[in-house]
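Report on one structure; see the data block that follows.
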Amino acid sequence: MKRLLTLFVIIILVVIAFFQYTNYRRFTPPSVYAYQTADSLDLGFYDPAVLETYFLKAEEVGSFGRYCWKTYGLDVLGDRPHNPNDQKLVQTYQQMRAHLRHLEARLKRSSVLKKKGYDNAAIRIMDTEGLSEEAYTQRQFFGNKAYFQLNDSGTAIFEAQKKLKEQGYELPVDGYFERLTEAAIKQFQTANNIYPTGRLDDLTARLLMK
């Protein structure tokens with residue numbers, strides 16, 4: 001009788017220990033599912049909705065990872081499940097993190113661009129149209145033109161003339177592309193190992209504006 005009682009007590013203790021371990025395992029996931037938000041973000045981003053979405057989605061990612069663990073015992077960061085439903089949950093988690101990284105990259109880039117002197121208007125154009133800094137500068141400088149040449153006029157020509165003047169070339173600074181401007185550009189191109197077309201093209205402008 002005593003042995004039976006002892007055996008019964010042992011079984012009860014094993015059952016209690018099992019459920020305690022199960023509960024501990026359930027509420028103590030093996031991975032950290034919370035998304036660590038970055039520090040170097042532009043908190044003055046041109047579209048506040050993107051910033052708001054970033055922080056909301058960061059919370060959702062952590063919540064979804066914990067939900068998968070508590071509900072299904074699925075570690076979405078460490079497990080490689082064969083069950084189609086679990087595979088879908090892991091894929092969903094990965095897609096959520098990928099979306100967050102995309103938003104984070106945009107906010108980080110905006111912060112970097114602002115340190116270089118760009119404002120929200122410029123950043124909006126680069127962000128929405130996928131332009132590099134170089135492509136943006138070229139568009140601002142050239143507009144819809146591939147290059148400037150004899151008889152053109154405008155702000156871009158004026159800026160180029162100023163740069164040429166600063167470097168010692170003799171020409172008027174008036175925004176009009178006339179013979180003296182063409183001659184100065186040819187001299188500049190020759191000095192920089194560019195074929196001397198006399199046109200103010202992208203390569204010439206980039207070298208000139210350095």
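Please note that chains go A, B, ... in the order of the structure tokens, that every chain numbers its residues from 1, and that ligands are numbered from 1 in the order shown.
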
Which residues, written as JSON, numbers by chain, have at least one atom at most 8 Å from Ala58 in chain A, with only C-alpha atoms counted and residues fewer than 6 positions away on the same chain left out?
-> {"A": [34, 35, 36, 37, 100]}

Mind dumping the selected residues with all heavy atoms as a tab-separated table (two decimals), in the first residue's frame?
chain	number	residue	atom	x	y	z
A	34	ALA	N	10.54	40.54	-31.03
A	34	ALA	CA	10.37	41.98	-31.15
A	34	ALA	C	11.33	42.55	-32.18
A	34	ALA	O	12.50	42.13	-32.25
A	34	ALA	CB	10.59	42.66	-29.81
A	35	TYR	N	10.86	43.46	-32.99
A	35	TYR	CA	11.71	44.09	-34.01
A	35	TYR	C	12.41	45.29	-33.39
A	35	TYR	O	11.75	46.21	-32.88
A	35	TYR	CB	10.87	44.52	-35.21
A	35	TYR	CG	11.69	44.98	-36.38
A	35	TYR	CD1	12.12	44.08	-37.35
A	35	TYR	CD2	12.05	46.32	-36.53
A	35	TYR	CE1	12.88	44.49	-38.43
A	35	TYR	CE2	12.80	46.74	-37.60
A	35	TYR	CZ	13.22	45.82	-38.55
A	35	TYR	OH	13.98	46.23	-39.62
A	36	GLN	N	13.74	45.28	-33.42
A	36	GLN	CA	14.52	46.38	-32.84
A	36	GLN	C	14.52	47.56	-33.81
A	36	GLN	O	15.16	47.51	-34.85
A	36	GLN	CB	15.95	45.91	-32.57
A	36	GLN	CG	16.80	46.94	-31.83
A	36	GLN	CD	16.29	47.23	-30.43
A	36	GLN	OE1	15.95	46.33	-29.69
A	36	GLN	NE2	16.23	48.50	-30.07
A	37	THR	N	13.79	48.60	-33.46
A	37	THR	CA	13.73	49.77	-34.34
A	37	THR	C	15.07	50.50	-34.35
A	37	THR	O	15.80	50.51	-33.36
A	37	THR	CB	12.62	50.75	-33.89
A	37	THR	OG1	12.83	51.10	-32.53
A	37	THR	CG2	11.25	50.10	-34.04
A	100	LEU	N	9.11	45.89	-43.03
A	100	LEU	CA	9.67	46.81	-42.04
A	100	LEU	C	11.06	47.29	-42.46
A	100	LEU	O	11.39	48.47	-42.33
A	100	LEU	CB	9.77	46.11	-40.68
A	100	LEU	CG	8.67	46.44	-39.68
A	100	LEU	CD1	8.83	45.57	-38.44
A	100	LEU	CD2	8.68	47.90	-39.31

When you look at Ala121 in chain A with a cut-off of 12 Å (counting only C-alpha atoms), what residues show up, excluding the ones that are within fewer than 4 positions of it in the same chain? I need them as an mmCIF file with N, CA and C atoms, in the first residue's frame.
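Below is the file that was written, result-v8.cif:
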data_model
loop_
_atom_site.group_PDB
_atom_site.id
_atom_site.type_symbol
_atom_site.label_atom_id
_atom_site.label_comp_id
_atom_site.auth_asym_id
_atom_site.auth_seq_id
_atom_site.Cartn_x
_atom_site.Cartn_y
_atom_site.Cartn_z
ATOM 1 N N PHE A 45 10.193 62.871 -41.469
ATOM 2 C CA PHE A 45 10.007 62.354 -42.830
ATOM 3 C C PHE A 45 8.846 63.066 -43.525
ATOM 4 N N TYR A 46 8.987 63.265 -44.853
ATOM 5 C CA TYR A 46 7.999 64.052 -45.597
ATOM 6 C C TYR A 46 6.589 63.459 -45.518
ATOM 7 N N ASP A 47 6.486 62.154 -45.294
ATOM 8 C CA ASP A 47 5.182 61.501 -45.175
ATOM 9 C C ASP A 47 5.058 60.894 -43.777
ATOM 10 N N SER A 110 16.481 59.041 -45.819
ATOM 11 C CA SER A 110 16.013 60.412 -45.674
ATOM 12 C C SER A 110 16.855 61.163 -44.649
ATOM 13 N N LEU A 113 20.160 62.007 -46.268
ATOM 14 C CA LEU A 113 20.013 63.062 -47.272
ATOM 15 C C LEU A 113 19.841 64.433 -46.612
ATOM 16 N N LYS A 114 19.122 64.481 -45.510
ATOM 17 C CA LYS A 114 18.936 65.766 -44.830
ATOM 18 C C LYS A 114 20.250 66.286 -44.269
ATOM 19 N N GLY A 117 21.908 68.239 -46.779
ATOM 20 C CA GLY A 117 21.302 69.511 -47.155
ATOM 21 C C GLY A 117 20.027 69.427 -47.970
ATOM 22 N N ILE A 125 10.754 63.543 -54.008
ATOM 23 C CA ILE A 125 10.970 63.197 -55.422
ATOM 24 C C ILE A 125 11.889 61.993 -55.545
ATOM 25 N N MET A 126 12.999 62.003 -54.811
ATOM 26 C CA MET A 126 13.941 60.886 -54.884
ATOM 27 C C MET A 126 13.316 59.592 -54.382
ATOM 28 N N ASP A 127 12.524 59.691 -53.317
ATOM 29 C CA ASP A 127 11.928 58.504 -52.707
ATOM 30 C C ASP A 127 10.819 57.908 -53.575
ATOM 31 N N THR A 128 9.916 58.757 -54.032
ATOM 32 C CA THR A 128 8.761 58.244 -54.785
ATOM 33 C C THR A 128 9.135 57.801 -56.199
ATOM 34 N N TYR A 136 18.832 62.814 -59.401
ATOM 35 C CA TYR A 136 18.018 63.962 -58.982
ATOM 36 C C TYR A 136 18.705 65.270 -59.359
#

Residue contacts of range 143-157 of chain A (6 Å, only C-alpha atoms) excluding same-chain residues fewer than 2 positions away, as number ranges by chain | A: 139-141, 159-160, 175-178, 199-201

How would the residues just picked look written out with N, CA, C and O atoms as an mmCIF file, in the first residue's frame?
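Dumped to again33.cif:
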data_model
loop_
_atom_site.group_PDB
_atom_site.id
_atom_site.type_symbol
_atom_site.label_atom_id
_atom_site.label_comp_id
_atom_site.auth_asym_id
_atom_site.auth_seq_id
_atom_site.Cartn_x
_atom_site.Cartn_y
_atom_site.Cartn_z
ATOM 1 N N ARG A 139 18.457 65.907 -63.024
ATOM 2 C CA ARG A 139 17.129 66.368 -63.436
ATOM 3 C C ARG A 139 16.937 67.833 -63.073
ATOM 4 O O ARG A 139 16.386 68.608 -63.850
ATOM 5 N N GLN A 140 17.363 68.206 -61.858
ATOM 6 C CA GLN A 140 17.205 69.592 -61.434
ATOM 7 C C GLN A 140 18.015 70.529 -62.320
ATOM 8 O O GLN A 140 17.604 71.658 -62.585
ATOM 9 N N PHE A 141 19.163 70.033 -62.740
ATOM 10 C CA PHE A 141 20.061 70.876 -63.535
ATOM 11 C C PHE A 141 19.622 70.956 -64.990
ATOM 12 O O PHE A 141 19.536 72.042 -65.572
ATOM 13 N N GLU A 159 24.654 79.040 -63.528
ATOM 14 C CA GLU A 159 25.429 78.367 -62.481
ATOM 15 C C GLU A 159 26.733 77.801 -63.054
ATOM 16 O O GLU A 159 27.779 77.864 -62.406
ATOM 17 N N ALA A 160 26.655 77.237 -64.246
ATOM 18 C CA ALA A 160 27.859 76.695 -64.884
ATOM 19 C C ALA A 160 28.853 77.805 -65.196
ATOM 20 O O ALA A 160 30.073 77.643 -65.016
ATOM 21 N N GLY A 175 23.807 83.774 -67.971
ATOM 22 C CA GLY A 175 22.781 82.765 -68.240
ATOM 23 C C GLY A 175 22.530 82.506 -69.712
ATOM 24 O O GLY A 175 21.630 81.720 -70.053
ATOM 25 N N TYR A 176 23.308 83.137 -70.592
ATOM 26 C CA TYR A 176 23.129 82.941 -72.044
ATOM 27 C C TYR A 176 24.320 82.151 -72.606
ATOM 28 O O TYR A 176 25.479 82.524 -72.393
ATOM 29 N N PHE A 177 23.998 81.103 -73.314
ATOM 30 C CA PHE A 177 25.028 80.216 -73.874
ATOM 31 C C PHE A 177 25.463 80.774 -75.238
ATOM 32 O O PHE A 177 24.894 80.459 -76.275
ATOM 33 N N GLU A 178 26.525 81.608 -75.178
ATOM 34 C CA GLU A 178 27.035 82.212 -76.413
ATOM 35 C C GLU A 178 28.452 81.693 -76.692
ATOM 36 O O GLU A 178 28.912 80.756 -76.054
ATOM 37 N N ARG A 199 29.489 71.460 -75.526
ATOM 38 C CA ARG A 199 28.154 71.339 -74.928
ATOM 39 C C ARG A 199 28.275 71.119 -73.411
ATOM 40 O O ARG A 199 29.216 70.480 -72.947
ATOM 41 N N LEU A 200 27.313 71.619 -72.688
ATOM 42 C CA LEU A 200 27.259 71.392 -71.242
ATOM 43 C C LEU A 200 26.412 70.141 -71.006
ATOM 44 O O LEU A 200 25.197 70.208 -70.867
ATOM 45 N N ASP A 201 27.081 68.986 -71.000
ATOM 46 C CA ASP A 201 26.369 67.725 -70.804
ATOM 47 C C ASP A 201 26.519 67.253 -69.364
ATOM 48 O O ASP A 201 27.105 67.943 -68.523
#

Interatomic distance (Å, one decimal) between CA of Gln95 in chain A and CA of Asp39 in chain A =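 Separation of CA of Gln95 in chain A and CA of Asp39 in chain A: 22.1 Å.
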
Quick one: residues within 12 Å of range 88-91 of chain A, only C-alpha atoms counted, chain neighbours fewer than 5 positions away excluded, as a VMD selection string?
-> chain A and resid 33 61 64 to 69 71 to 83 96 to 98

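For range 48-207 of chain A, the set of residues given strand (DSSP E or B) by DSSP on the backbone reads Phe148, Ser153, Tyr176 and Leu200 of chain A.
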
Let me see the file: selected residues, N, CA, C and O atoms, as a PDB file, in the first residue's frame.
ATOM      1  N   PHE A 148      22.993  71.285 -72.679  1.00  0.00           N
ATOM      2  CA  PHE A 148      22.814  72.670 -73.125  1.00  0.00           C
ATOM      3  C   PHE A 148      23.879  72.982 -74.172  1.00  0.00           C
ATOM      4  O   PHE A 148      25.008  72.502 -74.096  1.00  0.00           O
ATOM      5  N   SER A 153      19.593  79.165 -72.898  1.00  0.00           N
ATOM      6  CA  SER A 153      19.707  80.093 -71.773  1.00  0.00           C
ATOM      7  C   SER A 153      19.001  79.484 -70.568  1.00  0.00           C
ATOM      8  O   SER A 153      18.211  78.548 -70.702  1.00  0.00           O
ATOM      9  N   TYR A 176      23.308  83.137 -70.592  1.00  0.00           N
ATOM     10  CA  TYR A 176      23.129  82.941 -72.044  1.00  0.00           C
ATOM     11  C   TYR A 176      24.320  82.151 -72.606  1.00  0.00           C
ATOM     12  O   TYR A 176      25.479  82.524 -72.393  1.00  0.00           O
ATOM     13  N   LEU A 200      27.313  71.619 -72.688  1.00  0.00           N
ATOM     14  CA  LEU A 200      27.259  71.392 -71.242  1.00  0.00           C
ATOM     15  C   LEU A 200      26.412  70.141 -71.006  1.00  0.00           C
ATOM     16  O   LEU A 200      25.197  70.208 -70.867  1.00  0.00           O
TER      17      LEU A 200
END

Which of range 22-208 of chain A fall in alpha helix (DSSP H), as number ranges by chain | A: 22-27, 48-72, 84-115, 120-129, 133-142, 155-166, 179-191, 202-208

Pick from A:Arg101, A:Lys70, A:Arg179, A:Lys165 nearest to Tyr54 in chain A, counting only C-alpha atoms | A:Arg101

Proximity to Ala38 in chain A - best of A:Leu56, A:Leu107, A:Leu164, A:Ala183, only C-alpha atoms | A:Leu107

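Counting from CA of Glu52 in chain A, the distance to CA of Ala105 in chain A is 14.7 Å.
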
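Take CA of Thr92 in chain A and CA of Ser63 in chain A: the distance between them is 12.6 Å.
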